[in-house]
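Report on the following structure.
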Amino acid sequence: MTASGLLGEIADVGTDGKRGGYSRHVFDAAERELRTWFVERAQRIGLDIETDSNGNIWAWWGTPGPDAVVTGSHLDSVPGGGAFDGPLGVASALTAVELLQDKGFRPAKPFAIVVFAEEEGGRFGVPCLGSRLVTGTIDVDKARALRDPGGVTFAEAAAKAGLDPERIGPDKESLGRIGRFVELHVEQGRGLIDLGSPVAVGSTVIAHGRWRFSFSGQGNHAGATLITDRHDPMIPAAETVVAARRLAKTLDDARATVGRLVPTPGGTNVIASTVDLWLDARVPGDTRTIKLVDELAEAARAAAESEGCRVEITRESYSDDVVFDQALRRDLGTWLGNPPELPTGAGHDAAILAGFVPSGMLYVRNPTGISHSPEEFAEADDVEQGARALAEVLEKMSA
């Protein structure tokens with residue numbers, strides 16, 4: 001089966017009639033259906049399935065063991081996301097195994113495809129949660145206590161999915177098996193359009209993180225409360241959104257985004273009592289993202305004080321700049337005929353693993369240059385070239 005054909009099999013799973021695109025979040029009905037699909041497809045080509053204590057699925061070609069060659073990605077999406085972010089890497093991994101099997105290849109090293117849980121953070125707010133848990137780069141109690149918009153904790157959702165919440169946390173056994181990890185992903189930008197190449201090797205991931213700004217004031221009647229008598233948290237929240245753009249424009253290659261803002265109680269004729277907003281900030285350089293957020297926090301506190309409100313700022317996740325393993329990058333380039341190398345502002349599970357095992361990325365061209373949106377795309381020919389490139393590097397790594 002081609003990678004495009006596999007993506008076609010799941011094209012109706014998790015469609016979002018309100019936002020467009022797909023909404024597939026860890027342990028919800030759509031994501032569970034995709035998990036079942038992956039397990040069935042992996043078993044059909046002779047792979048053995050394990051689900052670790054954090055909800056990550058491992059499909060082994062042969063006996064599990066140390067120094068394993070591992071590839072894979074994720075199946076969840078952002079709210080209203082595209083069809084390729086995550087599933088492309090999973091479908092291409094399955095196709096790559098079939099391509100190798102068809103030519104009679106058998107890996108000399110342990111080999112696995114992994115599907116990581118909650119890469120996007122679309123349900124519980126922390127990106128790459130599955131790989132962070134495996135590597136121990138998130139506090140376990142914090143992870144268990146994460147809540148989705150409906151108030152369900154990650155521990156509760158995991159238990160409902162059949163996991164033991166007490167076993168959630170660092171997984172030295174799974175991490176210790178990985179010798180090298182390569183993740184294939186649709187490009188989330190337009191670098192390959194300009195370079196005229198269907199495939200690239202990843203070079204770096206810029207520092208990035210997420211912060212929650214919680215503004216509190218006095219809820220009241222929209223018609224009966226004079227402007228001079230208000231303590232409206234929407235005002236400093238709005239000023240913070242504008243300040244994020246203003247401050248980001250002062251730094252080279254900085255990105256600051258507020259993509260989610262939640263007022264409570266949320267009535268049209270009600271002055272909000274609280275407003276929560278979430279900031280995504282990304283600036284190359286290990287200290288520059290933190291500096292940007294510190295400056296924004298100062299502006300948010302001043303805006304809150306001016307309105308007679310309060311603000312609490314919580315860091316939900318952060319990762320420094322990641323430079324993918326140079327020896328692996330060199331091998332990937334040699335094996336694939338020296339395609340371009342690309343940096344990215346998008347986070348990936350490979351970037352989390354890179355602090356512990358040699359990790360790398362392959363990108364497949366996205367002609368729209370758009371991601372995290374229904375307009376995300378990849379041409380079928382490029383998808384298959386990506387799958388063949390992945391098969392090539394997996395064969396070399398496993399020989």
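Residue names in the structure tokens use chain letters A, B, ... in the order shown, residue numbers from 1 in each chain, and ligand numbers from 1 in the order shown.
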Practice item. Please identify all polymer residues within 7 Å of A:Trp278, counting only C-alpha atoms, omitting same-chain residues fewer than 2 positions from it, and present them as a list in words. Key: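 Within the cut-off, the hits are Arg210, Trp211, Arg212, Phe213, Val258, Gly259, Arg260, Leu261, Asp276 and Asp280 of chain A.
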Practice item. Using backbone DSSP assignments, extract all strand (DSSP E) residues from stretch 4-230 of chain A; output them as a VMD selection string. Key: chain A and resid 48 to 51 57 to 61 68 to 74 111 to 116 178 to 186 199 to 205 208 to 216 220 to 221
Check your understanding: Using only C-alpha atoms, which residues sit within 10 Å of A:Arg329 once same-chain residues fewer than 5 positions away are excluded, as a list of chain:residue names?
Key ->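 Contacts, with the query itself left out: A:Val182, A:Val201, A:Gly202, A:Ser203, A:Val323, A:Phe324, A:Thr334, A:Trp335, A:Asn338, A:Glu341, A:Pro358, A:Ser359, A:Gly360, A:Met361, A:Leu362.
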Can you write out the residues you just picked, keeping N, CA and C atoms, as a PDB file, in the first residue's frame?
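In the end it all went to part-v5.pdb:
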```
ATOM      1  N   VAL A 182      14.501   8.490  13.450  1.00  0.00           N
ATOM      2  CA  VAL A 182      14.258   9.385  12.315  1.00  0.00           C
ATOM      3  C   VAL A 182      12.757   9.578  12.166  1.00  0.00           C
ATOM      4  N   VAL A 201      16.399  17.279   4.678  1.00  0.00           N
ATOM      5  CA  VAL A 201      16.864  16.775   5.973  1.00  0.00           C
ATOM      6  C   VAL A 201      16.749  17.913   6.982  1.00  0.00           C
ATOM      7  N   GLY A 202      16.223  17.625   8.168  1.00  0.00           N
ATOM      8  CA  GLY A 202      16.099  18.639   9.200  1.00  0.00           C
ATOM      9  C   GLY A 202      17.436  18.974   9.829  1.00  0.00           C
ATOM     10  N   SER A 203      17.652  20.259  10.122  1.00  0.00           N
ATOM     11  CA  SER A 203      18.906  20.687  10.744  1.00  0.00           C
ATOM     12  C   SER A 203      18.690  21.118  12.190  1.00  0.00           C
ATOM     13  N   VAL A 323      19.672  21.123  17.890  1.00  0.00           N
ATOM     14  CA  VAL A 323      20.460  20.841  16.691  1.00  0.00           C
ATOM     15  C   VAL A 323      20.481  19.321  16.530  1.00  0.00           C
ATOM     16  N   PHE A 324      19.908  18.833  15.439  1.00  0.00           N
ATOM     17  CA  PHE A 324      19.849  17.390  15.249  1.00  0.00           C
ATOM     18  C   PHE A 324      21.241  16.797  15.052  1.00  0.00           C
ATOM     19  N   THR A 334      24.069  11.848   2.774  1.00  0.00           N
ATOM     20  CA  THR A 334      24.830  10.973   1.875  1.00  0.00           C
ATOM     21  C   THR A 334      23.914   9.932   1.238  1.00  0.00           C
ATOM     22  N   TRP A 335      23.083   9.282   2.042  1.00  0.00           N
ATOM     23  CA  TRP A 335      22.216   8.231   1.530  1.00  0.00           C
ATOM     24  C   TRP A 335      21.166   8.753   0.549  1.00  0.00           C
ATOM     25  N   ASN A 338      22.336  14.079  -0.946  1.00  0.00           N
ATOM     26  CA  ASN A 338      22.550  15.445  -0.469  1.00  0.00           C
ATOM     27  C   ASN A 338      21.395  16.404  -0.786  1.00  0.00           C
ATOM     28  N   GLU A 341      19.216  20.948   3.573  1.00  0.00           N
ATOM     29  CA  GLU A 341      18.954  20.886   5.010  1.00  0.00           C
ATOM     30  C   GLU A 341      18.102  22.096   5.385  1.00  0.00           C
ATOM     31  N   PRO A 358      20.604   9.830  19.245  1.00  0.00           N
ATOM     32  CA  PRO A 358      20.789  10.459  17.937  1.00  0.00           C
ATOM     33  C   PRO A 358      19.454  10.485  17.174  1.00  0.00           C
ATOM     34  N   SER A 359      19.008  11.673  16.819  1.00  0.00           N
ATOM     35  CA  SER A 359      17.704  11.839  16.188  1.00  0.00           C
ATOM     36  C   SER A 359      17.817  12.741  14.966  1.00  0.00           C
ATOM     37  N   GLY A 360      16.915  12.537  14.008  1.00  0.00           N
ATOM     38  CA  GLY A 360      16.918  13.338  12.792  1.00  0.00           C
ATOM     39  C   GLY A 360      15.522  13.470  12.227  1.00  0.00           C
ATOM     40  N   MET A 361      15.405  14.347  11.243  1.00  0.00           N
ATOM     41  CA  MET A 361      14.120  14.620  10.596  1.00  0.00           C
ATOM     42  C   MET A 361      14.268  14.570   9.089  1.00  0.00           C
ATOM     43  N   LEU A 362      13.212  14.102   8.426  1.00  0.00           N
ATOM     44  CA  LEU A 362      13.038  14.264   6.987  1.00  0.00           C
ATOM     45  C   LEU A 362      11.755  15.054   6.773  1.00  0.00           C
TER      46      LEU A 362
END
```
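Shortest separation to A:Gly217 among A:Gly176, A:Pro233, A:Gly169, A:Pro110 occurs at residue A:Pro233, atoms counted being only C-alpha atoms.
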**Study point:** Pairwise distance for atom CA of A:Glu183 and atom CA of A:Lys160, rounded to one decimal in Å
**Key:** 28.8 Å
Review point. So, counting only C-alpha atoms, which residue among A:Gly130, A:Gly121, A:Gly386, A:Gly14 is closest to A:Ser73?
Key: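 Comparing A:Gly130, A:Gly121, A:Gly386, A:Gly14 against A:Ser73, the winner is A:Gly130.
Omitting A:Gly209 and its sequence neighbours fewer than 3 positions away, and counting only C-alpha atoms, the residues within 9 Å are Leu279, Asp280, Ala281, Arg282, Thr289, Ile290, Arg315, Glu316, Ser317, Tyr318, Ser319 and Asp320 of chain A.
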Go ahead and dump the residues you just picked, N, CA and C atoms, as a PDB file, in the first residue's frame.
```pdb
ATOM      1  N   LEU A 279      -0.087  31.867  25.094  1.00  0.00           N
ATOM      2  CA  LEU A 279       0.945  32.413  24.221  1.00  0.00           C
ATOM      3  C   LEU A 279       1.867  31.314  23.737  1.00  0.00           C
ATOM      4  N   ASP A 280       2.119  31.275  22.441  1.00  0.00           N
ATOM      5  CA  ASP A 280       3.144  30.425  21.841  1.00  0.00           C
ATOM      6  C   ASP A 280       4.258  31.352  21.381  1.00  0.00           C
ATOM      7  N   ALA A 281       5.461  31.186  21.928  1.00  0.00           N
ATOM      8  CA  ALA A 281       6.585  32.058  21.599  1.00  0.00           C
ATOM      9  C   ALA A 281       7.766  31.235  21.115  1.00  0.00           C
ATOM     10  N   ARG A 282       8.418  31.702  20.036  1.00  0.00           N
ATOM     11  CA  ARG A 282       9.537  30.977  19.430  1.00  0.00           C
ATOM     12  C   ARG A 282      10.540  31.983  18.896  1.00  0.00           C
ATOM     13  N   THR A 289      13.888  33.550  23.643  1.00  0.00           N
ATOM     14  CA  THR A 289      12.460  33.307  23.836  1.00  0.00           C
ATOM     15  C   THR A 289      12.043  33.726  25.241  1.00  0.00           C
ATOM     16  N   ILE A 290      12.835  33.334  26.224  1.00  0.00           N
ATOM     17  CA  ILE A 290      12.523  33.690  27.613  1.00  0.00           C
ATOM     18  C   ILE A 290      12.541  35.206  27.783  1.00  0.00           C
ATOM     19  N   ARG A 315       4.161  28.978  32.961  1.00  0.00           N
ATOM     20  CA  ARG A 315       4.838  28.329  31.836  1.00  0.00           C
ATOM     21  C   ARG A 315       4.354  26.889  31.742  1.00  0.00           C
ATOM     22  N   GLU A 316       3.797  26.522  30.602  1.00  0.00           N
ATOM     23  CA  GLU A 316       3.280  25.161  30.428  1.00  0.00           C
ATOM     24  C   GLU A 316       4.277  24.250  29.742  1.00  0.00           C
ATOM     25  N   SER A 317       5.149  24.795  28.897  1.00  0.00           N
ATOM     26  CA  SER A 317       6.195  23.976  28.272  1.00  0.00           C
ATOM     27  C   SER A 317       7.260  24.897  27.705  1.00  0.00           C
ATOM     28  N   TYR A 318       8.478  24.347  27.583  1.00  0.00           N
ATOM     29  CA  TYR A 318       9.563  25.113  26.972  1.00  0.00           C
ATOM     30  C   TYR A 318      10.653  24.144  26.528  1.00  0.00           C
ATOM     31  N   SER A 319      11.241  24.427  25.358  1.00  0.00           N
ATOM     32  CA  SER A 319      12.396  23.669  24.856  1.00  0.00           C
ATOM     33  C   SER A 319      13.397  24.636  24.263  1.00  0.00           C
ATOM     34  N   ASP A 320      14.687  24.430  24.597  1.00  0.00           N
ATOM     35  CA  ASP A 320      15.751  25.235  23.998  1.00  0.00           C
ATOM     36  C   ASP A 320      15.924  24.869  22.526  1.00  0.00           C
TER      37      ASP A 320
END
```
Practice item. Would you mind listing what lies within 9 Å of A:Pro198 as a list of chain:residue names, with only C-alpha atoms counted and same-chain residues fewer than 5 positions away left out? Key: A:Leu192, A:Ile193, A:Pro339, A:Tyr363, A:Val364, A:Arg365, A:Asn366, A:Asp381, A:Asp382, A:Val383, A:Gln385, A:Gly386
Run DSSP on the backbone and give me the residues of stretch 179-308 of chain A it puts in helix (DSSP H, G or I), as a PDB file with C-alpha atoms, in the first residue's frame.
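states_1.pdb, freshly written:
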```pdb
ATOM      1  CA  GLY A 191      11.371  26.233   2.199  1.00  0.00           C
ATOM      2  CA  LEU A 192      11.153  23.294  -0.201  1.00  0.00           C
ATOM      3  CA  ILE A 193       8.945  25.233  -2.624  1.00  0.00           C
ATOM      4  CA  ASP A 194      11.688  27.823  -3.031  1.00  0.00           C
ATOM      5  CA  LEU A 195      14.415  25.165  -3.189  1.00  0.00           C
ATOM      6  CA  ILE A 227     -16.882  52.267  31.996  1.00  0.00           C
ATOM      7  CA  THR A 228     -15.238  54.124  34.870  1.00  0.00           C
ATOM      8  CA  ASP A 229     -16.490  51.504  37.347  1.00  0.00           C
ATOM      9  CA  MET A 234     -10.601  41.514  28.675  1.00  0.00           C
ATOM     10  CA  ILE A 235      -8.856  44.883  28.404  1.00  0.00           C
ATOM     11  CA  PRO A 236      -5.389  43.813  29.665  1.00  0.00           C
ATOM     12  CA  ALA A 237      -5.821  40.511  27.797  1.00  0.00           C
ATOM     13  CA  ALA A 238      -6.389  42.402  24.541  1.00  0.00           C
ATOM     14  CA  GLU A 239      -3.444  44.698  25.244  1.00  0.00           C
ATOM     15  CA  THR A 240      -1.273  41.625  25.830  1.00  0.00           C
ATOM     16  CA  VAL A 241      -2.244  40.148  22.453  1.00  0.00           C
ATOM     17  CA  VAL A 242      -1.221  43.363  20.714  1.00  0.00           C
ATOM     18  CA  ALA A 243       1.968  43.647  22.784  1.00  0.00           C
ATOM     19  CA  ALA A 244       2.996  40.120  21.756  1.00  0.00           C
ATOM     20  CA  ARG A 245       2.995  41.145  18.105  1.00  0.00           C
ATOM     21  CA  ARG A 246       4.714  44.468  18.836  1.00  0.00           C
ATOM     22  CA  LEU A 247       7.520  42.889  20.876  1.00  0.00           C
ATOM     23  CA  ALA A 248       8.071  40.041  18.430  1.00  0.00           C
ATOM     24  CA  ARG A 288      15.852  35.009  23.533  1.00  0.00           C
ATOM     25  CA  THR A 289      12.460  33.307  23.836  1.00  0.00           C
ATOM     26  CA  ILE A 290      12.523  33.690  27.613  1.00  0.00           C
ATOM     27  CA  LYS A 291      13.559  37.332  27.248  1.00  0.00           C
ATOM     28  CA  LEU A 292      10.631  38.009  24.921  1.00  0.00           C
ATOM     29  CA  VAL A 293       8.167  36.396  27.330  1.00  0.00           C
ATOM     30  CA  ASP A 294       9.635  38.289  30.302  1.00  0.00           C
ATOM     31  CA  GLU A 295       9.100  41.584  28.473  1.00  0.00           C
ATOM     32  CA  LEU A 296       5.561  40.581  27.560  1.00  0.00           C
ATOM     33  CA  ALA A 297       4.846  39.551  31.156  1.00  0.00           C
ATOM     34  CA  GLU A 298       5.924  43.005  32.318  1.00  0.00           C
ATOM     35  CA  ALA A 299       3.555  44.615  29.805  1.00  0.00           C
ATOM     36  CA  ALA A 300       0.716  42.298  30.869  1.00  0.00           C
ATOM     37  CA  ARG A 301       1.182  43.154  34.557  1.00  0.00           C
ATOM     38  CA  ALA A 302       1.161  46.868  33.795  1.00  0.00           C
ATOM     39  CA  ALA A 303      -1.997  46.539  31.693  1.00  0.00           C
ATOM     40  CA  ALA A 304      -3.722  44.513  34.413  1.00  0.00           C
ATOM     41  CA  GLU A 305      -2.809  47.002  37.118  1.00  0.00           C
ATOM     42  CA  SER A 306      -4.106  49.901  35.015  1.00  0.00           C
TER      43      SER A 306
END
```
Check your understanding: What is the atom CA of A:Phe27 to atom CA of A:Ala158 distance in Å?
Key -> 7.2 Å
Practice item. List the neighbours of A:Glu120 out to 8 Å using only C-alpha atoms; skip same-chain residues closer than 6 positions along the sequence, and give me the result as a ChimeraX atom specification. Key: /A:76-78,126-128
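Considering the residues A:Glu187, A:Val283, A:Phe116, A:Glu312 and counting only C-alpha atoms, A:Thr250 has its shortest atom-to-atom contact with A:Val283.
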12 Å contact set for A:Gly266, only C-alpha atoms, chain neighbours under 4 positions out, as a PDB file with N, CA and C atoms, in the first residue's frame:
```pdb
ATOM      1  N   GLY A 219     -16.517  40.368  37.291  1.00  0.00           N
ATOM      2  CA  GLY A 219     -17.634  40.147  36.387  1.00  0.00           C
ATOM      3  C   GLY A 219     -18.787  41.070  36.732  1.00  0.00           C
ATOM      4  N   ASN A 220     -19.511  41.527  35.688  1.00  0.00           N
ATOM      5  CA  ASN A 220     -20.599  42.473  35.955  1.00  0.00           C
ATOM      6  C   ASN A 220     -21.493  42.589  34.727  1.00  0.00           C
ATOM      7  N   ALA A 222     -23.096  44.174  31.463  1.00  0.00           N
ATOM      8  CA  ALA A 222     -22.543  44.987  30.377  1.00  0.00           C
ATOM      9  C   ALA A 222     -23.283  46.308  30.194  1.00  0.00           C
ATOM     10  N   MET A 234     -10.776  41.588  30.124  1.00  0.00           N
ATOM     11  CA  MET A 234     -10.601  41.514  28.675  1.00  0.00           C
ATOM     12  C   MET A 234      -9.695  42.635  28.163  1.00  0.00           C
ATOM     13  N   LEU A 261      -8.052  32.157  23.384  1.00  0.00           N
ATOM     14  CA  LEU A 261      -8.426  33.104  24.426  1.00  0.00           C
ATOM     15  C   LEU A 261      -9.804  32.702  24.936  1.00  0.00           C
ATOM     16  N   VAL A 262      -9.926  32.495  26.256  1.00  0.00           N
ATOM     17  CA  VAL A 262     -11.165  31.984  26.839  1.00  0.00           C
ATOM     18  C   VAL A 262     -11.651  32.919  27.940  1.00  0.00           C
ATOM     19  N   VAL A 270     -22.121  40.272  29.219  1.00  0.00           N
ATOM     20  CA  VAL A 270     -21.497  40.096  30.528  1.00  0.00           C
ATOM     21  C   VAL A 270     -20.041  40.558  30.465  1.00  0.00           C
ATOM     22  N   ILE A 271     -19.650  41.397  31.421  1.00  0.00           N
ATOM     23  CA  ILE A 271     -18.224  41.693  31.592  1.00  0.00           C
ATOM     24  C   ILE A 271     -17.572  40.451  32.194  1.00  0.00           C
ATOM     25  N   ALA A 272     -16.525  39.972  31.559  1.00  0.00           N
ATOM     26  CA  ALA A 272     -15.882  38.736  32.018  1.00  0.00           C
ATOM     27  C   ALA A 272     -15.306  38.899  33.418  1.00  0.00           C
ATOM     28  N   SER A 273     -15.341  37.819  34.185  1.00  0.00           N
ATOM     29  CA  SER A 273     -14.669  37.817  35.491  1.00  0.00           C
ATOM     30  C   SER A 273     -13.220  37.366  35.353  1.00  0.00           C
ATOM     31  N   THR A 274     -12.960  36.457  34.410  1.00  0.00           N
ATOM     32  CA  THR A 274     -11.585  36.023  34.122  1.00  0.00           C
ATOM     33  C   THR A 274     -11.416  35.872  32.617  1.00  0.00           C
ATOM     34  N   VAL A 275     -10.190  36.029  32.166  1.00  0.00           N
ATOM     35  CA  VAL A 275      -9.830  35.763  30.774  1.00  0.00           C
ATOM     36  C   VAL A 275      -8.498  35.027  30.780  1.00  0.00           C
ATOM     37  N   ASP A 276      -8.479  33.845  30.184  1.00  0.00           N
ATOM     38  CA  ASP A 276      -7.241  33.083  30.010  1.00  0.00           C
ATOM     39  C   ASP A 276      -6.820  33.166  28.557  1.00  0.00           C
TER      40      ASP A 276
END
```
Practice item. Identify which of the residues A:Gly308, A:Gly21, A:Pro284, A:Pro66 lies closest to A:Val205, counting only C-alpha atoms when measuring atom-to-atom distances. Key: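 Distance minimum relative to A:Val205 lands on A:Pro284.
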Review point. Atom CA of A:Thr36 to atom CA of A:Leu7: how many Å, to one decimal?
Key: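 Atom CA of A:Thr36 sits 14.3 Å away from atom CA of A:Leu7.
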Point to revise | Shortest interatomic distance to A:Cys309 - which of A:Thr135, A:Thr15, A:Thr95, A:Ser216, counting only C-alpha atoms | key: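 For A:Cys309, the nearest of the given residues is A:Ser216.
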Check your understanding: For A:Asp48, which residue out of A:Ile113, A:Ala83, A:Ala68, A:Leu99 is the nearest one, using only C-alpha atoms?
Key ->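 Under the stated criterion, the closest residue is A:Ile113.
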